[in-house]
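Colleague: Handing over my_file-v8.cif, mmCIF, C-alpha atoms and all ligand atoms.
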data_coords
#
loop_
_atom_site.label_atom_id
_atom_site.label_comp_id
_atom_site.auth_asym_id
_atom_site.auth_seq_id
_atom_site.Cartn_x
_atom_site.Cartn_y
_atom_site.Cartn_z
CA MET B 1 14.53 -14.38 -7.61
CA GLN B 2 17.64 -16.08 -8.91
CA GLU B 3 16.87 -18.02 -12.07
CA THR B 4 19.18 -20.18 -14.08
CA ALA B 5 18.20 -20.66 -17.68
CA ARG B 6 17.94 -24.23 -18.89
CA PRO B 7 19.35 -24.16 -22.42
CA ASP B 8 18.28 -27.79 -22.83
CA ALA B 9 14.62 -26.88 -22.29
CA LEU B 10 14.84 -23.94 -24.68
CA ARG B 11 16.56 -26.08 -27.29
CA ALA B 12 13.91 -28.76 -26.92
CA PHE B 13 11.17 -26.13 -27.29
CA ASN B 14 12.81 -24.65 -30.40
CA SER B 15 13.22 -27.99 -32.14
CA ALA B 16 10.02 -29.78 -31.04
CA SER B 17 7.02 -30.32 -33.28
CA VAL B 18 4.27 -27.71 -32.95
CA GLU B 19 2.19 -30.13 -30.87
CA GLN B 20 5.05 -31.04 -28.55
CA ALA B 21 6.06 -27.40 -28.12
CA LYS B 22 2.47 -26.46 -27.22
CA GLU B 23 2.43 -29.32 -24.75
CA MET B 24 5.53 -27.90 -23.03
CA ILE B 25 3.83 -24.58 -22.30
CA ALA B 26 0.18 -25.66 -22.05
CA ALA B 27 0.10 -25.52 -18.25
CA CYS B 28 1.36 -21.92 -18.15
CA VAL B 29 -2.02 -20.53 -19.17
CA ALA B 30 -5.14 -22.22 -20.60
CA LEU B 31 -5.30 -20.02 -23.71
CA PRO B 32 -4.72 -21.98 -26.95
CA GLU B 33 -4.23 -18.81 -29.03
CA TRP B 34 -1.47 -17.56 -26.77
CA GLN B 35 0.17 -21.01 -26.82
CA GLN B 36 -0.10 -21.12 -30.60
CA SER B 37 1.40 -17.65 -31.06
CA LEU B 38 4.27 -18.30 -28.67
CA VAL B 39 5.09 -21.53 -30.51
CA ALA B 40 4.81 -19.77 -33.87
CA GLY B 41 7.46 -17.26 -32.73
CA ARG B 42 10.16 -19.94 -32.52
CA PRO B 43 13.10 -20.20 -32.59
CA TYR B 44 14.02 -18.06 -29.58
CA VAL B 45 17.67 -17.09 -29.20
CA SER B 46 17.42 -16.85 -25.42
CA LEU B 47 15.08 -17.28 -22.48
CA GLY B 48 14.86 -13.50 -22.31
CA ALA B 49 13.61 -13.34 -25.88
CA LEU B 50 10.98 -15.99 -25.17
CA LEU B 51 9.77 -14.29 -21.99
CA GLU B 52 9.60 -10.97 -23.80
CA LYS B 53 7.47 -12.43 -26.58
CA ALA B 54 5.23 -14.19 -24.05
CA ALA B 55 4.72 -10.95 -22.13
CA ALA B 56 3.98 -8.97 -25.30
CA LEU B 57 1.37 -11.54 -26.34
CA SER B 58 -0.24 -11.40 -22.91
CA GLU B 59 -0.72 -7.63 -23.20
CA ARG B 60 -3.56 -8.36 -25.66
CA TRP B 61 -5.63 -10.23 -23.13
CA GLN B 62 -9.00 -8.88 -22.12
CA LEU B 63 -11.98 -10.09 -20.11
CA SER B 64 -12.74 -13.07 -22.36
CA GLU B 65 -9.17 -14.37 -21.99
CA LEU B 66 -9.35 -13.87 -18.23
CA GLU B 67 -12.56 -15.89 -18.03
CA SER B 68 -11.18 -18.73 -20.17
CA ALA B 69 -7.90 -18.90 -18.30
CA LEU B 70 -9.57 -19.14 -14.89
CA GLN B 71 -10.45 -22.80 -15.54
CA ALA B 72 -6.84 -23.63 -14.75
CA HIS B 73 -6.72 -21.66 -11.49
CA PRO B 74 -8.43 -23.23 -8.51
CA ARG B 75 -9.68 -20.94 -5.77
CA ILE B 76 -7.12 -19.82 -3.22
CA GLY B 77 -7.44 -22.28 -0.35
CA ASP B 78 -9.04 -25.02 -2.45
CA LYS B 79 -6.38 -27.66 -2.48
CA PRO B 80 -5.74 -28.24 -6.17
CA LYS B 81 -6.34 -31.89 -6.86
CA GLY B 82 -5.24 -33.97 -9.75
CA LEU B 83 -2.11 -35.00 -11.51
CA SER B 84 -2.08 -32.38 -14.27
CA ALA B 85 0.81 -29.97 -14.67
CA GLU B 86 -1.59 -27.11 -13.84
CA SER B 87 -2.54 -28.72 -10.54
CA SER B 88 1.10 -29.25 -9.72
CA PHE B 89 1.91 -25.58 -10.43
CA SER B 90 -1.07 -24.46 -8.35
CA ARG B 91 -0.11 -26.62 -5.40
CA GLN B 92 3.38 -25.13 -5.34
CA GLU B 93 2.11 -21.57 -5.78
CA GLN B 94 -0.47 -21.94 -3.03
CA ALA B 95 1.83 -23.81 -0.65
CA SER B 96 1.76 -21.02 1.96
CA VAL B 97 -2.03 -21.19 2.21
CA ASN B 98 -2.36 -24.93 2.60
CA GLY B 99 -2.36 -26.29 6.11
CA HIS B 100 -3.04 -22.88 7.62
CA ASP B 101 -5.20 -22.35 10.65
CA ALA B 102 -8.93 -22.91 10.44
CA ALA B 103 -9.85 -19.25 11.03
CA LEU B 104 -7.76 -18.09 8.09
CA ARG B 105 -9.12 -20.84 5.86
CA GLN B 106 -12.65 -19.84 6.82
CA ALA B 107 -11.94 -16.15 6.16
CA LEU B 108 -10.46 -16.95 2.74
CA SER B 109 -13.41 -19.13 1.89
CA GLN B 110 -15.82 -16.33 2.85
CA GLY B 111 -13.70 -13.79 0.95
CA ASN B 112 -13.74 -15.96 -2.17
CA ALA B 113 -17.53 -16.23 -1.94
CA ASP B 114 -17.89 -12.44 -1.51
CA TYR B 115 -15.59 -11.82 -4.47
CA GLU B 116 -17.48 -14.25 -6.70
CA ALA B 117 -20.80 -12.67 -5.72
CA ARG B 118 -19.39 -9.21 -6.48
CA PHE B 119 -17.49 -9.87 -9.74
CA GLY B 120 -18.94 -13.14 -11.04
CA ARG B 121 -15.63 -15.00 -11.37
CA VAL B 122 -12.96 -16.58 -9.20
CA PHE B 123 -10.56 -14.29 -7.30
CA LEU B 124 -7.14 -14.57 -8.92
CA ILE B 125 -3.82 -13.60 -7.40
CA ARG B 126 -0.21 -14.62 -7.96
CA ALA B 127 0.04 -16.61 -4.76
CA LYS B 128 3.69 -17.64 -4.84
CA GLY B 129 5.65 -15.96 -2.06
CA ARG B 130 2.53 -14.50 -0.42
CA SER B 131 1.24 -15.58 2.98
CA GLY B 132 -2.41 -16.46 3.50
CA GLU B 133 -2.84 -13.24 5.51
CA GLU B 134 -1.41 -11.12 2.68
CA ILE B 135 -3.71 -12.81 0.18
CA LEU B 136 -6.74 -12.20 2.39
CA ALA B 137 -5.84 -8.53 2.84
CA ASN B 138 -5.39 -8.18 -0.92
CA LEU B 139 -8.74 -9.85 -1.56
CA ASN B 140 -10.55 -7.52 0.83
CA GLN B 141 -8.87 -4.49 -0.77
CA ARG B 142 -9.76 -5.60 -4.28
CA LEU B 143 -13.42 -6.08 -3.32
CA LYS B 144 -13.56 -2.26 -3.28
CA ASN B 145 -12.39 -1.94 -6.92
CA SER B 146 -14.67 -0.86 -9.74
CA ASP B 147 -15.53 -3.58 -12.26
CA ALA B 148 -13.16 -2.11 -14.86
CA ASP B 149 -10.25 -1.68 -12.45
CA GLU B 150 -10.68 -5.19 -11.12
CA ILE B 151 -10.59 -6.71 -14.61
CA GLN B 152 -7.26 -4.97 -15.17
CA GLU B 153 -5.91 -6.10 -11.79
CA ALA B 154 -6.94 -9.73 -12.37
CA LEU B 155 -5.31 -9.61 -15.84
CA ARG B 156 -2.10 -8.30 -14.26
CA GLN B 157 -2.12 -11.23 -11.84
CA LEU B 158 -2.80 -13.71 -14.67
CA ARG B 159 0.17 -12.31 -16.63
CA LYS B 160 2.42 -12.69 -13.58
CA ILE B 161 1.31 -16.27 -12.91
CA THR B 162 1.88 -17.14 -16.57
CA GLN B 163 5.36 -15.59 -16.54
CA LEU B 164 6.23 -17.44 -13.35
CA ARG B 165 5.06 -20.75 -14.79
CA LEU B 166 7.08 -20.15 -17.97
CA GLU B 167 10.15 -19.54 -15.85
CA GLY B 168 9.36 -22.83 -14.14
CA VAL B 169 9.46 -24.60 -17.51
CA PHE B 170 12.56 -22.89 -18.90
CA ALA B 171 14.58 -21.90 -15.82
CA ARG B 172 15.17 -22.95 -12.26
C1 LIG Z 1 -3.89 -19.32 -8.15
C2 LIG Z 1 -3.16 -20.47 -8.55
O1 LIG Z 1 -3.62 -21.58 -8.82
N1 LIG Z 1 -1.85 -20.10 -8.54
C3 LIG Z 1 -1.77 -18.79 -8.19
O2 LIG Z 1 -0.73 -18.14 -8.08
N2 LIG Z 1 -3.03 -18.33 -7.95
N3 LIG Z 1 -5.25 -19.32 -8.01
C4 LIG Z 1 -5.98 -18.19 -7.71
N4 LIG Z 1 -7.31 -18.36 -7.62
O3 LIG Z 1 -5.45 -17.10 -7.53
#
Rewrite the structure from the file as structure tokens, please.
Modeller:
Amino acid sequence: MQETARPDALRAFNSASVEQAKEMIAACVALPEWQQSLVAGRPYVSLGALLEKAAALSERWQLSELESALQAHPRIGDKPKGLSAESSFSRQEQASVNGHDAALRQALSQGNADYEARFGRVFLIRAKGRSGEEILANLNQRLKNSDADEIQEALRQLRKITQLRLEGVFAR
């Protein structure tokens, strides 16, 4: 992916009040502690430095962070509604799934239900750039994971989504 850093956005983040800076990154992941720590690490000399800090902070996440963060991630195939920045991110990320054929939508809906029955939380995947078929195949594969492995896989996906959303705020 070709990204162009937006020095204006980074400058704004570096010089904003704590509240404004948190606001800028709030939609990247619904974890106030992570937001707080990333803001506390300012100023960042470059986008790379910011992304590195964000990634390092996300390495600490465990099951409780995963469960909290899922509020901001609608099910794959559920058209994210609303005007929030999270909904807007989700709509873009899930664009390939929307408007797909009825059979695929039905299979995804059944897969989501199976996953939730198995693991007790919403199936999470970095959807951007993946077709509905790929997502369904991934879901069915992950249903075979152990509980512990699946927590790690879902956390990996959450980290990727967060990184992608940060790039959306600070690069294009
Ligand atoms: C999402 C979402 O909202 N964006 C994304 O990449 N994945 N949701 C999900 N349940 O995986």
Colleague: Please find the residues contacting ligand LIG 1 (chain Z) at a distance of at most 6 Å between atoms, with all atoms listed in the file counted, and report them as a list of chain:residue names.
Modeller: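 For ligand LIG 1 (chain Z), the residues inside 6 Å are B:His73, B:Pro74, B:Arg75, B:Ile76, B:Ser90, B:Glu93, B:Gln94, B:Phe123, B:Leu124, B:Ile125, B:Arg126, B:Ala127, B:Lys128, B:Ile161.
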Colleague: Do a neighbour search on Ala154 (chain B) at 12 Å with only C-alpha atoms, toss out local chain neighbours closer than 4 positions, and write the hits as a ChimeraX atom specification.
Modeller: /B:61-63,65-67,69-70,73,115,119,121-126,138-139,142-143,145,147-150,158-161
Colleague: Next, the residues of the selection above should be written as a CSV table (one decimal), keeping the file's coordinate frame with C-alpha atoms.
Modeller:
chain,number,residue,atom,x,y,z
B,61,TRP,CA,-5.6,-10.2,-23.1
B,62,GLN,CA,-9.0,-8.9,-22.1
B,63,LEU,CA,-12.0,-10.1,-20.1
B,65,GLU,CA,-9.2,-14.4,-22.0
B,66,LEU,CA,-9.4,-13.9,-18.2
B,67,GLU,CA,-12.6,-15.9,-18.0
B,69,ALA,CA,-7.9,-18.9,-18.3
B,70,LEU,CA,-9.6,-19.1,-14.9
B,73,HIS,CA,-6.7,-21.7,-11.5
B,115,TYR,CA,-15.6,-11.8,-4.5
B,119,PHE,CA,-17.5,-9.9,-9.7
B,121,ARG,CA,-15.6,-15.0,-11.4
B,122,VAL,CA,-13.0,-16.6,-9.2
B,123,PHE,CA,-10.6,-14.3,-7.3
B,124,LEU,CA,-7.1,-14.6,-8.9
B,125,ILE,CA,-3.8,-13.6,-7.4
B,126,ARG,CA,-0.2,-14.6,-8.0
B,138,ASN,CA,-5.4,-8.2,-0.9
B,139,LEU,CA,-8.7,-9.8,-1.6
B,142,ARG,CA,-9.8,-5.6,-4.3
B,143,LEU,CA,-13.4,-6.1,-3.3
B,145,ASN,CA,-12.4,-1.9,-6.9
B,147,ASP,CA,-15.5,-3.6,-12.3
B,148,ALA,CA,-13.2,-2.1,-14.9
B,149,ASP,CA,-10.2,-1.7,-12.4
B,150,GLU,CA,-10.7,-5.2,-11.1
B,158,LEU,CA,-2.8,-13.7,-14.7
B,159,ARG,CA,0.2,-12.3,-16.6
B,160,LYS,CA,2.4,-12.7,-13.6
B,161,ILE,CA,1.3,-16.3,-12.9
Colleague: Ranking B:Leu164, B:Ala27, B:Ala107, B:Ile151 by minimum distance to Leu83 (chain B) and counting all atoms listed in the file, which one comes first?
Modeller: B:Ala27
Colleague: Restricting the calculation to only C-alpha atoms, which member of B:Asn140, B:Ser46, B:Ala103, B:Gln163 is positioned closest to Pro7 (chain B)?
Modeller: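 Ranked by minimum distance to Pro7 (chain B), first place goes to B:Ser46.
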Colleague: Extending 4 Å beyond the listed atoms of region 144-147 of chain B on each side, what axis-aligned box results? I want centre and edge lengths in Å to one decimal, as JSON.
Modeller:
{"center_x": -14.0, "center_y": -2.2, "center_z": -7.8, "size_x": 11.1, "size_y": 10.7, "size_z": 17.0}
Colleague: Mind giving me the straight-line distance from CA of Pro80 (chain B) to CA of Leu51 (chain B) in Å, one decimal?
Modeller: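 Separating CA of Pro80 (chain B) from CA of Leu51 (chain B) is a distance of 26.2 Å.
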Colleague: Find the residue from B:Phe170, B:Leu38, B:Tyr44, B:Gln92 that sits nearest to Ala56 (chain B); use only C-alpha atoms when measuring.
Modeller: B:Leu38
